Structure formats: structure tokens, C-alpha cells
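Structure first, commentary second.
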Amino acid sequence: EYLEKRDFLAGVLQRAGLRVLDCAGTYFLMADIAARGFDDDVEFCRFLTRNVGVAAVPPTAFFSDANKALGRRYARFSFCKKMATLQLAAERLEQPWKQ
């Protein structure tokens, strides 16, 4: 069930212009946000929540101050959700959205 949800969300994010990193043993996908014109994970996650209606976690919240630069161009998406929730996120991400 989780493989199906992971693959579904990965496809949605890729169609939204986000490169998804391979993952295993987790409930989260990391997506590269640079192609959407963002270089700050906190800014991107705020934008996504406010303007698109989809929540993501800025991974720099988990980095030490010395290493925050390593996570700034990524966003963390959870796929351990009900499929209906993932489908709603898909609908919102498939709409045009501008920075």
C-alpha cells in the first residue's frame, strides 16, 4: 500500500516540475525545488501552503546551522496519508501555480 502511495505522489511531484530523490524505508519523499525557481526551502513550503494548498516540510528544520545549506533546495513530502488526501494534493499541484 505504501509503495503505491509513494509512487503516486512521486509521479504527481514530477509532473509538477519537481525532481524527486529515490527513497527507501521512509514515509517521505524529498523533492528538488530549484526547477520551480526556489532556492529556499522555508520560502517554498510557505508558498506551497498559502498559494497551492499543499503542505510540505522544509528539511532545513532538521539540519544544524552549519549544514542548513545542504537542505535549502529541497522540500519534504509525506505519503503516509489517505489516498483521498494524496489525490486532493495531486489536483492542487496539477493546477498552474506561479511564484
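By convention in this document, the chains of the C-alpha cells carry letters A, B, ... by their order, each chain's residues are numbered from 1, and ligands are numbered from 1 in the order they are shown.
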Q: List every residue of chain A that DSSP, applied to the backbone, labels as strand (DSSP E or B), and write the result as a VMD selection string.
A: chain A and resid 19 to 20 28 to 32 57 74 to 78
Q.
At a cut-off of 8 Å, using only C-alpha atoms, what residues contact Cys80 in chain A? Leave out same-chain residues fewer than 6 positions from it and give the result as a PyMOL selection string.
A. chain A and resi 2+5+27-28
For N, CA, C and O atoms, I'd like the residues from the last selection saved as a PDB file, in the first residue's frame.
```pdb
ATOM      1  N   TYR A   2       1.932   1.252   0.815  1.00  0.00           N
ATOM      2  CA  TYR A   2       2.794   2.431   0.865  1.00  0.00           C
ATOM      3  C   TYR A   2       3.598   2.611  -0.422  1.00  0.00           C
ATOM      4  O   TYR A   2       3.867   3.738  -0.823  1.00  0.00           O
ATOM      5  N   LYS A   5       1.319   4.429  -2.743  1.00  0.00           N
ATOM      6  CA  LYS A   5       1.203   5.835  -2.375  1.00  0.00           C
ATOM      7  C   LYS A   5       2.483   6.609  -2.694  1.00  0.00           C
ATOM      8  O   LYS A   5       2.436   7.732  -3.194  1.00  0.00           O
ATOM      9  N   TYR A  27       8.632   7.305   5.011  1.00  0.00           N
ATOM     10  CA  TYR A  27       7.299   7.746   4.591  1.00  0.00           C
ATOM     11  C   TYR A  27       7.363   9.098   3.904  1.00  0.00           C
ATOM     12  O   TYR A  27       6.349   9.757   3.739  1.00  0.00           O
ATOM     13  N   PHE A  28       8.563   9.510   3.534  1.00  0.00           N
ATOM     14  CA  PHE A  28       8.757  10.844   2.991  1.00  0.00           C
ATOM     15  C   PHE A  28       9.482  10.808   1.653  1.00  0.00           C
ATOM     16  O   PHE A  28      10.330   9.962   1.420  1.00  0.00           O
TER      17      PHE A  28
END
```
Q.
Please identify the alpha helix (DSSP H) residues within range 7-81 of chain A (assignment by DSSP from backbone atoms) and present them as a PyMOL selection string.
A. chain A and resi 7-15+41-47
Could you dump the residues just selected with N, CA, C and O atoms as a PDB file, in the first residue's frame?
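What ended up in result_23.pdb:
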```
ATOM      1  N   ASP A   7       4.734   5.879  -5.018  1.00  0.00           N
ATOM      2  CA  ASP A   7       4.854   6.029  -6.461  1.00  0.00           C
ATOM      3  C   ASP A   7       3.851   7.036  -7.009  1.00  0.00           C
ATOM      4  O   ASP A   7       4.164   7.805  -7.924  1.00  0.00           O
ATOM      5  N   PHE A   8       2.646   7.047  -6.443  1.00  0.00           N
ATOM      6  CA  PHE A   8       1.630   8.010  -6.862  1.00  0.00           C
ATOM      7  C   PHE A   8       2.116   9.432  -6.597  1.00  0.00           C
ATOM      8  O   PHE A   8       2.111  10.283  -7.493  1.00  0.00           O
ATOM      9  N   LEU A   9       2.557   9.698  -5.361  1.00  0.00           N
ATOM     10  CA  LEU A   9       2.999  11.044  -5.010  1.00  0.00           C
ATOM     11  C   LEU A   9       4.245  11.438  -5.798  1.00  0.00           C
ATOM     12  O   LEU A   9       4.369  12.585  -6.237  1.00  0.00           O
ATOM     13  N   ALA A  10       5.153  10.510  -6.000  1.00  0.00           N
ATOM     14  CA  ALA A  10       6.358  10.811  -6.785  1.00  0.00           C
ATOM     15  C   ALA A  10       5.972  11.258  -8.195  1.00  0.00           C
ATOM     16  O   ALA A  10       6.523  12.235  -8.714  1.00  0.00           O
ATOM     17  N   GLY A  11       5.021  10.575  -8.804  1.00  0.00           N
ATOM     18  CA  GLY A  11       4.557  10.957 -10.139  1.00  0.00           C
ATOM     19  C   GLY A  11       3.913  12.331 -10.151  1.00  0.00           C
ATOM     20  O   GLY A  11       4.144  13.141 -11.059  1.00  0.00           O
ATOM     21  N   VAL A  12       3.122  12.620  -9.144  1.00  0.00           N
ATOM     22  CA  VAL A  12       2.476  13.930  -9.023  1.00  0.00           C
ATOM     23  C   VAL A  12       3.527  15.027  -8.916  1.00  0.00           C
ATOM     24  O   VAL A  12       3.453  16.049  -9.615  1.00  0.00           O
ATOM     25  N   LEU A  13       4.503  14.837  -8.050  1.00  0.00           N
ATOM     26  CA  LEU A  13       5.541  15.841  -7.860  1.00  0.00           C
ATOM     27  C   LEU A  13       6.371  16.037  -9.124  1.00  0.00           C
ATOM     28  O   LEU A  13       6.708  17.169  -9.485  1.00  0.00           O
ATOM     29  N   GLN A  14       6.674  14.961  -9.819  1.00  0.00           N
ATOM     30  CA  GLN A  14       7.439  15.070 -11.058  1.00  0.00           C
ATOM     31  C   GLN A  14       6.656  15.833 -12.119  1.00  0.00           C
ATOM     32  O   GLN A  14       7.206  16.680 -12.817  1.00  0.00           O
ATOM     33  N   ARG A  15       5.363  15.554 -12.219  1.00  0.00           N
ATOM     34  CA  ARG A  15       4.539  16.287 -13.189  1.00  0.00           C
ATOM     35  C   ARG A  15       4.419  17.760 -12.811  1.00  0.00           C
ATOM     36  O   ARG A  15       4.189  18.609 -13.670  1.00  0.00           O
ATOM     37  N   ASP A  41      14.060  26.496   1.078  1.00  0.00           N
ATOM     38  CA  ASP A  41      13.026  25.521   1.418  1.00  0.00           C
ATOM     39  C   ASP A  41      11.904  26.104   2.266  1.00  0.00           C
ATOM     40  O   ASP A  41      10.728  25.775   2.059  1.00  0.00           O
ATOM     41  N   VAL A  42      12.222  26.985   3.194  1.00  0.00           N
ATOM     42  CA  VAL A  42      11.184  27.588   4.037  1.00  0.00           C
ATOM     43  C   VAL A  42      10.269  28.463   3.191  1.00  0.00           C
ATOM     44  O   VAL A  42       9.038  28.380   3.292  1.00  0.00           O
ATOM     45  N   GLU A  43      10.855  29.275   2.328  1.00  0.00           N
ATOM     46  CA  GLU A  43      10.069  30.131   1.436  1.00  0.00           C
ATOM     47  C   GLU A  43       9.162  29.271   0.547  1.00  0.00           C
ATOM     48  O   GLU A  43       7.976  29.571   0.369  1.00  0.00           O
ATOM     49  N   PHE A  44       9.710  28.203  -0.015  1.00  0.00           N
ATOM     50  CA  PHE A  44       8.927  27.331  -0.886  1.00  0.00           C
ATOM     51  C   PHE A  44       7.761  26.697  -0.129  1.00  0.00           C
ATOM     52  O   PHE A  44       6.630  26.682  -0.609  1.00  0.00           O
ATOM     53  N   CYS A  45       8.029  26.164   1.049  1.00  0.00           N
ATOM     54  CA  CYS A  45       6.969  25.490   1.812  1.00  0.00           C
ATOM     55  C   CYS A  45       5.875  26.462   2.232  1.00  0.00           C
ATOM     56  O   CYS A  45       4.690  26.108   2.204  1.00  0.00           O
ATOM     57  N   ARG A  46       6.244  27.675   2.586  1.00  0.00           N
ATOM     58  CA  ARG A  46       5.226  28.695   2.893  1.00  0.00           C
ATOM     59  C   ARG A  46       4.406  29.026   1.661  1.00  0.00           C
ATOM     60  O   ARG A  46       3.177  29.128   1.721  1.00  0.00           O
ATOM     61  N   PHE A  47       5.081  29.220   0.525  1.00  0.00           N
ATOM     62  CA  PHE A  47       4.386  29.498  -0.725  1.00  0.00           C
ATOM     63  C   PHE A  47       3.412  28.371  -1.054  1.00  0.00           C
ATOM     64  O   PHE A  47       2.252  28.603  -1.400  1.00  0.00           O
TER      65      PHE A  47
END
```
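Ranking A:Asp65, A:Phe38, A:Ala75, A:Lys98 by their shortest atom-to-atom distance to Leu21 in chain A, with only C-alpha atoms included, puts A:Ala75 first.
Distance annotation: of A:Arg19, A:Gln99, A:Arg50, A:Ala90, the residue with the minimal separation from Arg76 in chain A is A:Arg19; atom set is only C-alpha atoms.
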